[in-house]
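Please read the structure below before turning to the comments.
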Amino acid sequence: MNVESADIIRLIEQFLKEHNLYKTLDTLQSESGVTLNTVESVDSFKDDIVNGRWDVVLRNVEHANIPHSKLIDLYEQIVIELAELQDIGPARALLRQTEPMEILRNKQPDRYLKLEQLLTRATHQDTNIIHSDKSARESRRLEIAQKLAGEVTTVPPSRLLTLLGQAIKWQQMQGSSGVSKDTSFNLFHGEAPARSMDSAEDKMPEKLLATVKFPKKQHPNALAFSVKGNYMASGSGDGFIEVWNFMTGKLAADLSYQAEGSLMMMEGAITSLKFSHSGDLICSGAKDGKMKVWKLKSGSSYKKLSAAHRGDVTCVCFSDDDSQVLSGGVDGILRIHGLKSGSMLKEFHGHSASATDAAFVGNMRFVVSTSEDGHVRIWDASTAACLHDIIPGTEAGDLIIPSAHKVMVVPGRPDSFIVCIRSLTMYMF
């Protein structure tokens with residue numbers, strides 16, 4: 001795909017216009033020879049001309065590259081109507097101090113002179129010579145509007161910022177920007193601004209936003225927040241998956257299938273739940289060892305993994321590009337499943353007890369898992385070989401090993417992760 005350099009310049013010109021940097025805009029258009037010629041709405045632009053909203057019209061055409069002949073017609077009409085209203089000052093300024101009227105004076109002096117004479121007579125309140133035929137005025141406005149409408153276009157606002165945001169989001173999905181979705185980004189330097197952990201202020205929750213009550217047999221076994229934080233999903237003991245607006249404690253109103261009572265559901269009790277990085281998919285694991293990936297917007301099944309584990313699926317996790325799902329089970333085995341093929345791609349053996357959590361780290365090069373056996377294992381994601389076997393929180397000779405039950409990748413640092421074990425200490429690797 002080739003991107004024209006003129007389109008890049010137009011993106012910058014739109015940014016300058018939206019931020020009222022008109023001198024810079026004029027200079028860029030003059031030096032590049034590329035003009036913007038955009039309005040928020042062509043229909044609104046025509047409507048402004050037809051209804052004589054000249055202040056708005058002049059702002060739109062002032063920095064556009066419109067043929068002089070069409071601008072002369074517009075300016076002439078405005079001068080005539082201002083004279084009719086005996087608004088002589090603005091009419092004279094428009095006639096004598098604008099480029100289109102200067103061109104008219106040099107190329108069509110007779111036509112220009114008639115406008116000067118019109119203003120002179122209007123100054124002496126001789127309005128009889130000034131046309132006041134309403135139908136003729138409206139017809140002339142419509143004619144000018146149709147001519148000028150063909151010279152302008154409309155584009156969505158803030159295109160430059162939108163495209164830059166999409167580019168950064170793509171880098172985040174590919175794991176190449178080193179920035180999480182919740183981290184601010186220094187676009188100029190191409191990196192996340194350094195933040196001091198010492199300056200961070202710890203705050204306790206002070207307000208209860210909402211309460212969600214479940215029936216006894218429908219108690220939630222798993223909860224997950226979408227990456228953008230706009231949804232919370234719950235997986236219950238009866239196999240239902242519900243998506244909530246956590247600010248109100250009610251089912252998300254923009255998911256129509258929930259309002260119709262058509263919820264996502266598995267045969268067994270839900271034991272694990274996770275949103276994809278894009279926020280478009282949800283993966284659920286059940287007590288019977290089955291897994292499903294769902295489309296959030298429709299609530300329909302995207303992929304079924306019928307025999308993912310023997311017994312409870314204790315944890316699920318999407319890969320950075322959402323093309324794979326990593327799962328762990330009560331059987332102590334970890335598996336990577338391909339969403340395109342629906343088949344198992346890799347299997348990791350080594351834990352002697354139930355896997356409690358797992359995650360991709362290092363831009364999908366490694367897998368980290370925790371287990372009730374107290375071991376934290378780091379695996380090669382491509383070969384399924386165990387590279388490191390760590391037992392945090394123990395000293396030599398300890399007889400009891402506390403279970404490790406949670407691993408979390410540090411936002412903005414894809415090679416670092418935090419492990420929680422059944423003790424008073426967390427460990428960062």
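By order of appearance in the structure tokens: chains A, B, ..., then residues from 1 within every chain, and ligands from 1 in the order shown.
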Got a sec: who's within 12 Å of Leu161 of chain A, counting only C-alpha atoms, leaving out chain neighbours fewer than 5 positions off, as a PyMOL selection string?
chain A and resi 11-12+14-16+18+156+166-168+187
As JSON, numbers by chain, please: every residue in segment 42-283 of chain A that a backbone DSSP assignment puts in strand (DSSP E).
{"A": [220, 221, 222, 223, 224, 225, 232, 233, 234, 235, 236, 240, 241, 242, 243, 244, 245, 250, 251, 264, 265, 270, 271, 272, 273, 274, 275, 281, 282, 283]}
For Lys297 of chain A, list every protein, DNA or RNA residue within 7 Å, evaluated using only C-alpha atoms, and leave out those in the same chain fewer than 2 positions away; present the list as JSON, numbers by chain.
{"A": [255, 295, 299]}
Go ahead and write the residues just picked, N, CA, C and O atoms, as an mmCIF file, in the first residue's frame.
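again25.cif, written as the output of this step:
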```
data_model
loop_
_atom_site.group_PDB
_atom_site.id
_atom_site.type_symbol
_atom_site.label_atom_id
_atom_site.label_comp_id
_atom_site.auth_asym_id
_atom_site.auth_seq_id
_atom_site.Cartn_x
_atom_site.Cartn_y
_atom_site.Cartn_z
ATOM 1 N N LEU A 255 -25.175 -4.375 24.670
ATOM 2 C CA LEU A 255 -25.121 -5.745 24.150
ATOM 3 C C LEU A 255 -26.551 -6.263 24.085
ATOM 4 O O LEU A 255 -27.106 -6.764 25.074
ATOM 5 N N LYS A 295 -17.619 -14.181 20.831
ATOM 6 C CA LYS A 295 -17.613 -12.832 20.279
ATOM 7 C C LYS A 295 -18.421 -11.930 21.203
ATOM 8 O O LYS A 295 -19.608 -12.165 21.439
ATOM 9 N N GLY A 299 -22.334 -12.210 21.250
ATOM 10 C CA GLY A 299 -22.562 -13.291 22.200
ATOM 11 C C GLY A 299 -22.507 -14.671 21.578
ATOM 12 O O GLY A 299 -22.854 -15.669 22.221
#
```
Residue with smallest distance to Phe45 of chain A - pool A:Gln146, A:Asn65, A:Thr98, A:Ser369, counting only C-alpha atoms
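With only C-alpha atoms as the atom set, the closest residue is A:Gln146.
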Under the rule of at most 9 Å, produce a per-residue listing of segment 277-353 of chain A near segment 228-250 of chain A: chain, number, name, the closest pair of atoms, and the distance in Å, as CSV, using only C-alpha atoms.
```
residue,atom,partner,partner_atom,distance
A:His277,CA,A:Lys228,CA,8.8
A:Ser278,CA,A:Lys228,CA,8.8
A:Gly279,CA,A:Lys228,CA,7.4
A:Ile282,CA,A:Ala233,CA,8.6
A:Ser284,CA,A:Gly235,CA,7.8
A:Ala286,CA,A:Gly239,CA,7.7
A:Leu296,CA,A:Val243,CA,8.7
```
Serialized selection, N, CA, C and O atoms, as a JSON list (two decimals), in the first residue's frame:
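Generated output (result23.json):
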```json
[["chain", "number", "residue", "atom", "x", "y", "z"],
["A", 277, "HIS", "N", -7.05, -8.96, 24.19],
["A", 277, "HIS", "CA", -6.43, -7.64, 24.24],
["A", 277, "HIS", "C", -7.22, -6.62, 23.42],
["A", 277, "HIS", "O", -7.27, -5.45, 23.76],
["A", 278, "SER", "N", -7.83, -7.07, 22.33],
["A", 278, "SER", "CA", -8.64, -6.16, 21.51],
["A", 278, "SER", "C", -9.97, -5.84, 22.15],
["A", 278, "SER", "O", -10.61, -4.86, 21.80],
["A", 279, "GLY", "N", -10.40, -6.67, 23.10],
["A", 279, "GLY", "CA", -11.69, -6.48, 23.73],
["A", 279, "GLY", "C", -12.85, -7.06, 22.96],
["A", 279, "GLY", "O", -14.00, -6.96, 23.38],
["A", 282, "ILE", "N", -14.01, -13.08, 24.36],
["A", 282, "ILE", "CA", -13.93, -13.56, 25.74],
["A", 282, "ILE", "C", -13.65, -15.05, 25.69],
["A", 282, "ILE", "O", -14.29, -15.78, 24.94],
["A", 284, "SER", "N", -13.62, -18.52, 28.00],
["A", 284, "SER", "CA", -14.12, -19.09, 29.25],
["A", 284, "SER", "C", -13.69, -20.54, 29.37],
["A", 284, "SER", "O", -13.65, -21.29, 28.39],
["A", 286, "ALA", "N", -14.29, -24.14, 31.83],
["A", 286, "ALA", "CA", -15.33, -24.71, 32.68],
["A", 286, "ALA", "C", -14.81, -25.87, 33.52],
["A", 286, "ALA", "O", -13.70, -26.39, 33.30],
["A", 296, "LEU", "N", -17.79, -10.92, 21.74],
["A", 296, "LEU", "CA", -18.44, -10.09, 22.75],
["A", 296, "LEU", "C", -19.67, -9.39, 22.20],
["A", 296, "LEU", "O", -20.72, -9.36, 22.85]]
```
Excluding same-chain residues fewer than 6 positions from Arg10 of chain A, what lies within 9 Å of it counting only C-alpha atoms, as a PDB file with C-alpha atoms, in the first residue's frame?
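In the end it all went to out11.pdb:
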```pdb
ATOM      1  CA  GLN A  29      -0.304  25.428   1.536  1.00  0.00           C
ATOM      2  CA  VAL A  34      -1.281  21.158  -1.555  1.00  0.00           C
ATOM      3  CA  THR A  35      -4.557  22.625  -0.379  1.00  0.00           C
ATOM      4  CA  LEU A  36      -6.993  21.352   2.209  1.00  0.00           C
TER       5      LEU A  36
END
```
Find the residues around Arg310 of chain A up to 9 Å (only C-alpha atoms counted), leave out those fewer than 5 positions away in its own chain, and share them as a PyMOL selection string.
chain A and resi 288-290+329-331
Name all residues at most 12 Å from Arg96 of chain A (count only C-alpha atoms; drop same-chain ones fewer than 5 positions away) and give them as a count of residues only.
18
When DSSP works through the backbone of this structure, what residues of segment 3-97 of chain A end up as alpha helix (DSSP H), shown as an NGL selection string?
:A and (5-18 or 22-32 or 42-50 or 54-61 or 68-84 or 88-96)
Take the residues just selected and output them with C-alpha atoms as a PDB file, in the first residue's frame.
```
ATOM      1  CA  SER A   5       2.879  12.527   0.307  1.00  0.00           C
ATOM      2  CA  ALA A   6       0.122  15.030  -0.502  1.00  0.00           C
ATOM      3  CA  ASP A   7      -2.219  13.125   1.820  1.00  0.00           C
ATOM      4  CA  ILE A   8       0.298  13.433   4.658  1.00  0.00           C
ATOM      5  CA  ILE A   9       0.449  17.191   4.094  1.00  0.00           C
ATOM      6  CA  ARG A  10      -3.356  17.407   4.107  1.00  0.00           C
ATOM      7  CA  LEU A  11      -3.465  15.599   7.453  1.00  0.00           C
ATOM      8  CA  ILE A  12      -1.093  18.204   8.885  1.00  0.00           C
ATOM      9  CA  GLU A  13      -3.116  21.017   7.307  1.00  0.00           C
ATOM     10  CA  GLN A  14      -6.307  19.692   8.876  1.00  0.00           C
ATOM     11  CA  PHE A  15      -4.572  19.593  12.269  1.00  0.00           C
ATOM     12  CA  LEU A  16      -3.402  23.193  11.826  1.00  0.00           C
ATOM     13  CA  LYS A  17      -6.887  24.354  10.837  1.00  0.00           C
ATOM     14  CA  GLU A  18      -8.565  22.608  13.767  1.00  0.00           C
ATOM     15  CA  TYR A  22      -3.925  29.744  10.185  1.00  0.00           C
ATOM     16  CA  LYS A  23      -0.626  31.528   9.454  1.00  0.00           C
ATOM     17  CA  THR A  24       1.209  28.211   9.500  1.00  0.00           C
ATOM     18  CA  LEU A  25      -1.573  26.671   7.413  1.00  0.00           C
ATOM     19  CA  ASP A  26      -1.290  29.382   4.757  1.00  0.00           C
ATOM     20  CA  THR A  27       2.500  29.006   4.646  1.00  0.00           C
ATOM     21  CA  LEU A  28       2.315  25.218   4.293  1.00  0.00           C
ATOM     22  CA  GLN A  29      -0.304  25.428   1.536  1.00  0.00           C
ATOM     23  CA  SER A  30       1.757  28.042  -0.311  1.00  0.00           C
ATOM     24  CA  GLU A  31       5.059  26.162  -0.094  1.00  0.00           C
ATOM     25  CA  SER A  32       3.685  22.674  -0.778  1.00  0.00           C
ATOM     26  CA  VAL A  42     -20.792  20.221   2.536  1.00  0.00           C
ATOM     27  CA  ASP A  43     -24.544  20.441   3.122  1.00  0.00           C
ATOM     28  CA  SER A  44     -24.051  22.788   6.059  1.00  0.00           C
ATOM     29  CA  PHE A  45     -21.639  24.858   3.976  1.00  0.00           C
ATOM     30  CA  LYS A  46     -24.248  25.255   1.224  1.00  0.00           C
ATOM     31  CA  ASP A  47     -26.926  26.001   3.798  1.00  0.00           C
ATOM     32  CA  ASP A  48     -24.785  28.776   5.308  1.00  0.00           C
ATOM     33  CA  ILE A  49     -24.488  30.432   1.888  1.00  0.00           C
ATOM     34  CA  VAL A  50     -28.185  30.072   1.040  1.00  0.00           C
ATOM     35  CA  TRP A  54     -21.547  35.222   5.763  1.00  0.00           C
ATOM     36  CA  ASP A  55     -19.295  35.222   8.825  1.00  0.00           C
ATOM     37  CA  VAL A  56     -19.295  31.408   8.839  1.00  0.00           C
ATOM     38  CA  VAL A  57     -18.892  31.210   5.063  1.00  0.00           C
ATOM     39  CA  LEU A  58     -15.912  33.584   5.037  1.00  0.00           C
ATOM     40  CA  ARG A  59     -14.151  31.577   7.746  1.00  0.00           C
ATOM     41  CA  ASN A  60     -14.516  28.428   5.637  1.00  0.00           C
ATOM     42  CA  VAL A  61     -13.263  29.938   2.361  1.00  0.00           C
ATOM     43  CA  HIS A  68     -10.783  33.412  -7.996  1.00  0.00           C
ATOM     44  CA  SER A  69     -13.778  33.679 -10.299  1.00  0.00           C
ATOM     45  CA  LYS A  70     -15.985  31.847  -7.803  1.00  0.00           C
ATOM     46  CA  LEU A  71     -14.651  33.799  -4.833  1.00  0.00           C
ATOM     47  CA  ILE A  72     -15.316  37.053  -6.697  1.00  0.00           C
ATOM     48  CA  ASP A  73     -18.949  36.059  -7.183  1.00  0.00           C
ATOM     49  CA  LEU A  74     -19.242  35.274  -3.472  1.00  0.00           C
ATOM     50  CA  TYR A  75     -17.575  38.455  -2.260  1.00  0.00           C
ATOM     51  CA  GLU A  76     -19.555  40.582  -4.697  1.00  0.00           C
ATOM     52  CA  GLN A  77     -22.816  39.133  -3.386  1.00  0.00           C
ATOM     53  CA  ILE A  78     -21.779  39.779   0.213  1.00  0.00           C
ATOM     54  CA  VAL A  79     -20.847  43.412  -0.576  1.00  0.00           C
ATOM     55  CA  ILE A  80     -24.205  43.971  -2.294  1.00  0.00           C
ATOM     56  CA  GLU A  81     -26.174  42.538   0.618  1.00  0.00           C
ATOM     57  CA  LEU A  82     -24.192  44.520   3.182  1.00  0.00           C
ATOM     58  CA  ALA A  83     -24.892  47.660   1.165  1.00  0.00           C
ATOM     59  CA  GLU A  84     -28.576  46.802   1.127  1.00  0.00           C
ATOM     60  CA  ILE A  88     -21.078  50.189   4.945  1.00  0.00           C
ATOM     61  CA  GLY A  89     -17.940  49.668   7.063  1.00  0.00           C
ATOM     62  CA  PRO A  90     -17.667  45.882   6.651  1.00  0.00           C
ATOM     63  CA  ALA A  91     -18.777  46.152   3.005  1.00  0.00           C
ATOM     64  CA  ARG A  92     -16.041  48.658   2.197  1.00  0.00           C
ATOM     65  CA  ALA A  93     -13.392  46.613   4.046  1.00  0.00           C
ATOM     66  CA  LEU A  94     -14.399  43.518   2.094  1.00  0.00           C
ATOM     67  CA  LEU A  95     -14.296  45.443  -1.189  1.00  0.00           C
ATOM     68  CA  ARG A  96     -10.990  47.214  -0.682  1.00  0.00           C
TER      69      ARG A  96
END
```
Can you pull out every residue within 12 Å of Ser300 of chain A, counting only C-alpha atoms, but drop anything in the same chain fewer than 6 positions away, and send it as number ranges by chain?
A: 241, 255, 257-258, 262-266, 280-283, 292-294
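Take atom CA of Phe417 of chain A and atom CA of Phe429 of chain A: the distance between them is 5.4 Å.
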Nearest to Pro220 of chain A, chosen from A:Lys340, A:Leu334, A:Arg141, A:Thr271, with only C-alpha atoms counted in the distances:
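Nearest candidate to Pro220 of chain A out of A:Lys340, A:Leu334, A:Arg141, A:Thr271: A:Thr271.
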Could you tell me how far atom CA of Arg335 of chain A lies from atom CA of Ala353 of chain A, in Å and to one decimal?
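That distance, rounded to one decimal, is 15.1 Å.
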With only C-alpha atoms as the basis for distance, which of A:Leu305, A:Cys420, A:Leu223, A:Val39 is at the shortest distance from Asp357 of chain A?
A:Cys420
Would you work out the distance separating atom CA of Ala384 of chain A from atom CA of Met426 of chain A, expressed in Å to one decimal?
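Going from atom CA of Ala384 of chain A over to atom CA of Met426 of chain A covers 26.0 Å.
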